[in-house]
$ cat input_22.cif   # mmCIF, C-alpha atoms
data_entry
loop_
_atom_site.label_atom_id
_atom_site.label_comp_id
_atom_site.auth_asym_id
_atom_site.auth_seq_id
_atom_site.Cartn_x
_atom_site.Cartn_y
_atom_site.Cartn_z
CA MET H 1239 -29.61 -115.46 34.27
CA LYS H 1240 -31.88 -113.76 31.73
CA ARG H 1241 -34.90 -114.78 33.80
CA LEU H 1242 -33.34 -113.17 36.87
CA ALA H 1243 -32.81 -109.94 34.92
CA VAL H 1244 -36.48 -109.93 33.89
CA ILE H 1245 -37.58 -110.52 37.48
CA LEU H 1246 -35.31 -107.71 38.72
CA ALA H 1247 -36.57 -105.31 36.05
CA GLY H 1248 -40.16 -106.15 36.91
CA SER H 1249 -39.66 -105.77 40.65
CA THR H 1250 -37.76 -102.49 40.30
CA LEU H 1251 -40.42 -100.95 38.12
CA ALA H 1252 -43.34 -102.58 39.94
CA MET H 1253 -42.17 -100.93 43.13
CA SER H 1254 -42.20 -97.58 41.35
CA GLY H 1255 -45.94 -98.03 40.72
CA TYR H 1256 -46.73 -98.17 44.42
CA ALA H 1257 -46.55 -95.07 46.60
CA ALA H 1258 -45.62 -93.10 43.51
CA ASN H 1259 -46.06 -89.40 42.98
CA TRP H 1260 -46.90 -89.31 39.26
CA LEU H 1261 -46.70 -85.92 37.57
CA GLU H 1262 -48.32 -85.69 34.14
CA VAL H 1263 -45.83 -84.05 31.78
CA SER H 1264 -47.34 -84.36 28.32
CA LYS H 1265 -49.97 -85.96 26.13
CA SER H 1266 -49.21 -87.19 22.61
CA GLN H 1267 -51.31 -86.58 19.53
CA THR H 1268 -52.41 -90.23 19.70
CA GLY H 1269 -53.69 -89.81 23.26
CA SER H 1270 -50.86 -91.41 25.25
CA VAL H 1271 -50.16 -89.71 28.58
CA PHE H 1272 -46.54 -89.37 29.72
CA SER H 1273 -45.81 -88.96 33.43
CA LEU H 1274 -42.83 -89.14 35.72
CA ASP H 1275 -42.64 -90.27 39.32
CA VAL H 1276 -41.25 -87.26 41.17
CA ASP H 1277 -40.45 -89.42 44.22
CA SER H 1278 -38.28 -91.78 42.13
CA ILE H 1279 -35.85 -89.08 40.98
CA GLU H 1280 -32.45 -89.56 42.52
CA ARG H 1281 -28.77 -89.11 41.86
CA SER H 1282 -27.38 -92.13 40.04
CA ASP H 1283 -24.30 -93.99 41.17
CA ILE H 1284 -23.79 -95.36 37.65
CA HIS H 1285 -20.67 -93.86 36.14
CA ILE H 1286 -20.34 -93.22 32.45
CA ILE H 1287 -16.78 -94.15 31.48
CA ASP H 1288 -16.10 -91.26 29.10
CA GLU H 1289 -17.68 -88.60 31.32
CA LYS H 1290 -15.86 -87.13 34.28
CA GLU H 1291 -17.70 -85.64 37.23
CA VAL H 1292 -21.11 -85.42 35.60
CA GLU H 1293 -24.10 -86.00 37.82
CA ASN H 1294 -26.69 -88.28 36.24
CA ILE H 1295 -30.10 -89.05 37.68
CA THR H 1296 -32.53 -91.96 37.46
CA VAL H 1297 -36.28 -91.56 37.13
CA SER H 1298 -39.36 -93.72 36.58
CA ILE H 1299 -41.40 -92.78 33.53
CA ARG H 1300 -44.93 -93.98 32.77
CA ARG H 1301 -46.67 -94.01 29.42
CA THR H 1302 -50.40 -94.66 29.66
CA TYR H 1303 -51.91 -95.65 26.35
CA PRO H 1304 -55.38 -94.57 25.23
CA ALA H 1305 -58.14 -97.14 25.64
CA PRO H 1306 -58.47 -99.37 22.57
CA LYS H 1307 -61.37 -98.41 20.33
CA ASP H 1308 -63.17 -101.62 19.45
CA SER H 1309 -65.87 -101.06 16.91
CA ALA H 1310 -68.94 -103.25 16.93
CA LYS H 1311 -67.58 -104.99 13.82
CA ASP H 1312 -64.24 -105.76 15.56
CA ALA H 1313 -66.07 -107.10 18.62
CA LYS H 1314 -68.18 -109.43 16.42
CA GLU H 1315 -65.08 -110.63 14.55
CA ASN H 1316 -63.24 -111.36 17.82
CA GLU H 1317 -66.28 -113.21 19.15
CA ALA H 1318 -66.50 -115.28 15.95
CA LYS H 1319 -62.77 -116.14 16.15
CA ALA H 1320 -63.15 -117.19 19.77
CA LYS H 1321 -66.13 -119.40 18.92
CA GLU H 1322 -64.29 -120.91 15.93
CA SER H 1323 -61.24 -121.62 18.09
CA LYS H 1324 -63.43 -123.26 20.74
CA ASP H 1325 -65.25 -125.32 18.11
CA LYS H 1326 -61.91 -126.69 16.87
CA GLY H 1327 -61.21 -128.09 20.30
CA ALA H 1328 -58.78 -125.42 21.45
CA ASN H 1329 -58.97 -124.68 25.15
CA LYS H 1330 -57.97 -121.06 24.92
CA THR H 1331 -60.03 -118.29 23.43
CA VAL H 1332 -58.66 -115.70 21.04
CA LYS H 1333 -58.12 -112.53 22.97
CA GLU H 1334 -55.95 -109.62 22.05
CA THR H 1335 -54.20 -108.08 25.01
CA SER H 1336 -53.18 -104.51 24.51
CA ILE H 1337 -50.74 -102.48 26.56
CA HIS H 1338 -52.47 -100.29 29.13
CA HIS H 1339 -49.30 -98.65 30.44
CA SER H 1340 -45.56 -99.00 30.34
CA ASP H 1341 -43.24 -98.18 33.25
CA GLN H 1342 -39.69 -97.34 32.29
CA GLN H 1343 -36.54 -96.48 34.15
CA TRP H 1344 -34.34 -93.85 32.54
CA LEU H 1345 -30.82 -92.75 33.36
CA ILE H 1346 -30.70 -89.05 32.49
CA SER H 1347 -27.86 -86.65 31.79
CA CYS H 1348 -29.15 -83.17 32.55
CA LYS H 1349 -25.95 -81.73 31.04
CA ASP H 1350 -26.98 -82.48 27.45
CA ALA H 1351 -30.66 -83.52 27.84
CA SER H 1352 -29.98 -87.14 26.94
CA TYR H 1353 -31.22 -90.41 28.42
CA TYR H 1354 -30.58 -94.13 28.47
CA GLN H 1355 -33.50 -96.51 28.97
CA ARG H 1356 -32.40 -99.02 31.63
CA ALA H 1357 -35.57 -101.11 31.86
CA TYR H 1358 -39.26 -101.27 31.04
CA VAL H 1359 -42.32 -103.30 31.95
CA ASN H 1360 -45.49 -103.29 29.82
CA TYR H 1361 -48.77 -103.91 31.65
CA ALA H 1362 -52.31 -104.86 30.61
CA ALA H 1363 -55.29 -103.02 32.10
CA ASP H 1364 -55.46 -105.60 34.92
CA ASP H 1365 -51.77 -104.89 35.80
CA LYS H 1366 -50.70 -108.24 34.34
CA VAL H 1367 -47.14 -108.04 33.04
CA LEU H 1368 -47.11 -108.45 29.26
CA LYS H 1369 -43.44 -107.89 28.56
CA SER H 1370 -40.37 -106.71 30.44
CA TRP H 1371 -36.79 -105.90 29.58
CA GLN H 1372 -33.71 -104.76 31.45
CA SER H 1373 -30.43 -103.61 29.96
CA ASP H 1374 -27.59 -106.03 30.41
CA MET H 1375 -24.89 -103.49 29.58
CA PRO H 1376 -22.42 -103.42 32.49
CA ILE H 1377 -20.59 -100.32 31.23
CA LEU H 1378 -22.11 -97.25 29.59
CA THR H 1379 -20.59 -94.47 27.50
CA THR H 1380 -22.13 -91.22 26.32
CA LYS H 1381 -22.73 -92.92 22.94
CA ASP H 1382 -25.30 -95.18 24.63
CA PHE H 1383 -27.48 -92.17 25.50
CA LYS H 1384 -30.18 -90.81 23.20
CA LEU H 1385 -30.01 -87.06 22.68
CA THR H 1386 -33.45 -85.52 22.89
CA LYS H 1387 -34.63 -82.98 20.35
CA PRO H 1388 -36.29 -79.71 21.36
CA LYS H 1389 -40.09 -79.67 21.50
CA THR H 1390 -40.42 -83.46 21.83
CA ILE H 1391 -42.05 -85.46 24.59
CA SER H 1392 -38.72 -87.07 25.53
CA ARG H 1393 -37.15 -83.60 25.93
CA LEU H 1394 -40.07 -82.47 28.10
CA LEU H 1395 -39.67 -85.55 30.31
CA VAL H 1396 -35.91 -85.03 30.66
CA GLU H 1397 -36.28 -81.32 31.41
CA GLN H 1398 -39.01 -81.91 34.00
CA ALA H 1399 -36.98 -84.63 35.72
CA CYS H 1400 -33.89 -82.38 35.85
CA LYS H 1401 -35.95 -79.43 37.11
CA SER H 1402 -37.59 -81.55 39.82
CA TYR H 1403 -34.19 -82.94 40.86
CA GLN H 1404 -32.67 -79.45 41.14
CA GLN H 1405 -35.63 -78.18 43.18
CA ALA H 1406 -35.39 -81.11 45.59
CA LYS H 1407 -31.63 -80.70 46.10
#

$ encode --input "input_22.cif" --output "structure tokens"
Amino acid sequence: MKRLAVILAGSTLAMSGYAANWLEVSKSQTGSVFSLDVDSIERSDIHIIDEKEVENITVSIRRTYPAPKDSAKDAKENEAKAKESKDKGANKTVKETSIHHSDQQWLISCKDASYYQRAYVNYAADDKVLKSWQSDMPILTTKDFKLTKPKTISRLLVEQACKSYQQAK
């Protein structure tokens, strides 16, 4: 069952990567770029049990990480580790795979600028899936949502998603 959830999370978010209309919203101090897929924004049919008549939306969010900065020393060390591993008879080489981008699906409450992360998939630069996760919570309450703080990237993403949803209505 868990494997099915991972497959569903991956397919849901993988589909958001194709024919997407990514809008860059912010860039972090570390160089990560945060975007949202304007075409993925839609009214959610997920009801929050302690909220009456509140319209929530779903949106695909992408975080693109900055390219890893391998120094010449790091490259030599990695090469030496790979050679050492090969010399010991291991068939695989030592290779660090870093996250290139992460696609996430958020459930957003525009009423209080909060969100709940429903799923994510982390990708390598070659679009190979590194890790995926999907929430298995069948029922949500307002306590499951993260309130965003003013002047944060998460608040900017929530506000832009809500603004885009209102404009498209």

$ resolve_selection --input "input_22.cif" --expression "the PyMOL selection byres ((chain H and resi 1281) around 10)" --output "list in words"
Ser1278, Ile1279, Glu1280, Ser1282, Asp1283, Ile1284, Glu1293, Asn1294, Ile1295, Thr1296, Val1297, Leu1345, Ile1346, Tyr1403 and Lys1407 of chain H

$ write_last_selection --input "input_22.cif" --atoms "C-alpha atoms" --output "mmCIF file, in the coordinates of the input"
data_model
loop_
_atom_site.group_PDB
_atom_site.id
_atom_site.type_symbol
_atom_site.label_atom_id
_atom_site.label_comp_id
_atom_site.auth_asym_id
_atom_site.auth_seq_id
_atom_site.Cartn_x
_atom_site.Cartn_y
_atom_site.Cartn_z
ATOM 1 C CA SER H 1278 -38.280 -91.780 42.130
ATOM 2 C CA ILE H 1279 -35.850 -89.080 40.980
ATOM 3 C CA GLU H 1280 -32.450 -89.560 42.520
ATOM 4 C CA SER H 1282 -27.380 -92.130 40.040
ATOM 5 C CA ASP H 1283 -24.300 -93.990 41.170
ATOM 6 C CA ILE H 1284 -23.790 -95.360 37.650
ATOM 7 C CA GLU H 1293 -24.100 -86.000 37.820
ATOM 8 C CA ASN H 1294 -26.690 -88.280 36.240
ATOM 9 C CA ILE H 1295 -30.100 -89.050 37.680
ATOM 10 C CA THR H 1296 -32.530 -91.960 37.460
ATOM 11 C CA VAL H 1297 -36.280 -91.560 37.130
ATOM 12 C CA LEU H 1345 -30.820 -92.750 33.360
ATOM 13 C CA ILE H 1346 -30.700 -89.050 32.490
ATOM 14 C CA TYR H 1403 -34.190 -82.940 40.860
ATOM 15 C CA LYS H 1407 -31.630 -80.700 46.100
#

$ resolve_selection --input "input_22.cif" --expression "the PyMOL selection byres ((chain H and resi 1269-1271) around 8)" --output "list in words"
Glu1262, Val1263, Ser1264, Lys1265, Ser1266, Gln1267, Thr1268, Phe1272, Ser1273, Arg1300, Arg1301, Thr1302, Tyr1303 and Pro1304 of chain H

$ write_last_selection --input "input_22.cif" --atoms "C-alpha atoms" --output "JSON list (two decimals), keeping the file's coordinate frame"
[["chain", "number", "residue", "atom", "x", "y", "z"],
["H", 1262, "GLU", "CA", -48.32, -85.69, 34.14],
["H", 1263, "VAL", "CA", -45.83, -84.05, 31.78],
["H", 1264, "SER", "CA", -47.34, -84.36, 28.32],
["H", 1265, "LYS", "CA", -49.97, -85.96, 26.13],
["H", 1266, "SER", "CA", -49.21, -87.19, 22.61],
["H", 1267, "GLN", "CA", -51.31, -86.58, 19.53],
["H", 1268, "THR", "CA", -52.41, -90.23, 19.70],
["H", 1272, "PHE", "CA", -46.54, -89.37, 29.72],
["H", 1273, "SER", "CA", -45.81, -88.96, 33.43],
["H", 1300, "ARG", "CA", -44.93, -93.98, 32.77],
["H", 1301, "ARG", "CA", -46.67, -94.01, 29.42],
["H", 1302, "THR", "CA", -50.40, -94.66, 29.66],
["H", 1303, "TYR", "CA", -51.91, -95.65, 26.35],
["H", 1304, "PRO", "CA", -55.38, -94.57, 25.23]]

$ residues_around --input "input_22.cif" --residues "region 1374-1390 of chain H" --least-positions-apart "4" --cutoff "10 Å" --atoms "all atoms listed in the file" --output "PyMOL selection string"
chain H and resi 1240+1243+1264+1266+1284-1289+1344-1347+1350-1357+1394-1397

$ closest_residue --input "input_22.cif" --among "H:Ala1406, H:Ala1305, H:Leu1274, H:Ala1399" --to "Ala1362 (chain H)" --atoms "all atoms listed in the file"
H:Ala1305

$ closest_residue --input "input_22.cif" --among "H:Lys1307, H:Ile1391, H:Asp1365, H:Tyr1358" --to "His1338 (chain H)" --atoms "all atoms listed in the file"
H:Asp1365

$ atom_distance --input "input_22.cif" --atom1 "CA of Ser1370 (chain H)" --atom2 "CA of Ile1299 (chain H)"
14.3 Å

$ atom_distance --input "input_22.cif" --atom1 "CA of Thr1335 (chain H)" --atom2 "CA of Trp1260 (chain H)"
24.7 Å

$ atom_distance --input "input_22.cif" --atom1 "CA of Lys1290 (chain H)" --atom2 "CA of Asp1341 (chain H)"
29.5 Å

$ closest_residue --input "input_22.cif" --among "H:Glu1291, H:Asp1364, H:Ser1392, H:Val1276" --to "Lys1349 (chain H)" --atoms "all atoms listed in the file"
H:Glu1291

$ closest_residue --input "input_22.cif" --among "H:Val1367, H:Gln1398, H:Ala1258, H:Cys1348" --to "Ser1336 (chain H)" --atoms "only C-alpha atoms"
H:Val1367

$ closest_residue --input "input_22.cif" --among "H:Cys1400, H:Val1292, H:Ile1337, H:Leu1261" --to "Tyr1361 (chain H)" --atoms "all atoms listed in the file"
H:Ile1337

$ axis_aligned_box --input "input_22.cif" --around "region 1390-1406 of chain H" --padding-each-side "4 Å" --output "lines of an AutoDock Vina configuration file"
center_x = -37.4
center_y = -82.6
center_z = 33.7
size_x = 17.4
size_y = 16.9
size_z = 31.8

$ residues_around --input "input_22.cif" --residues "Asn1360 (chain H)" --least-positions-apart "5" --cutoff "6 Å" --atoms "all atoms listed in the file" --output "number ranges by chain"
H: 1340, 1367-1369

$ closest_residue --input "input_22.cif" --among "H:Ser1373, H:Gln1342, H:Lys1366, H:Gln1404" --to "Ser1298 (chain H)" --atoms "only C-alpha atoms"
H:Gln1342
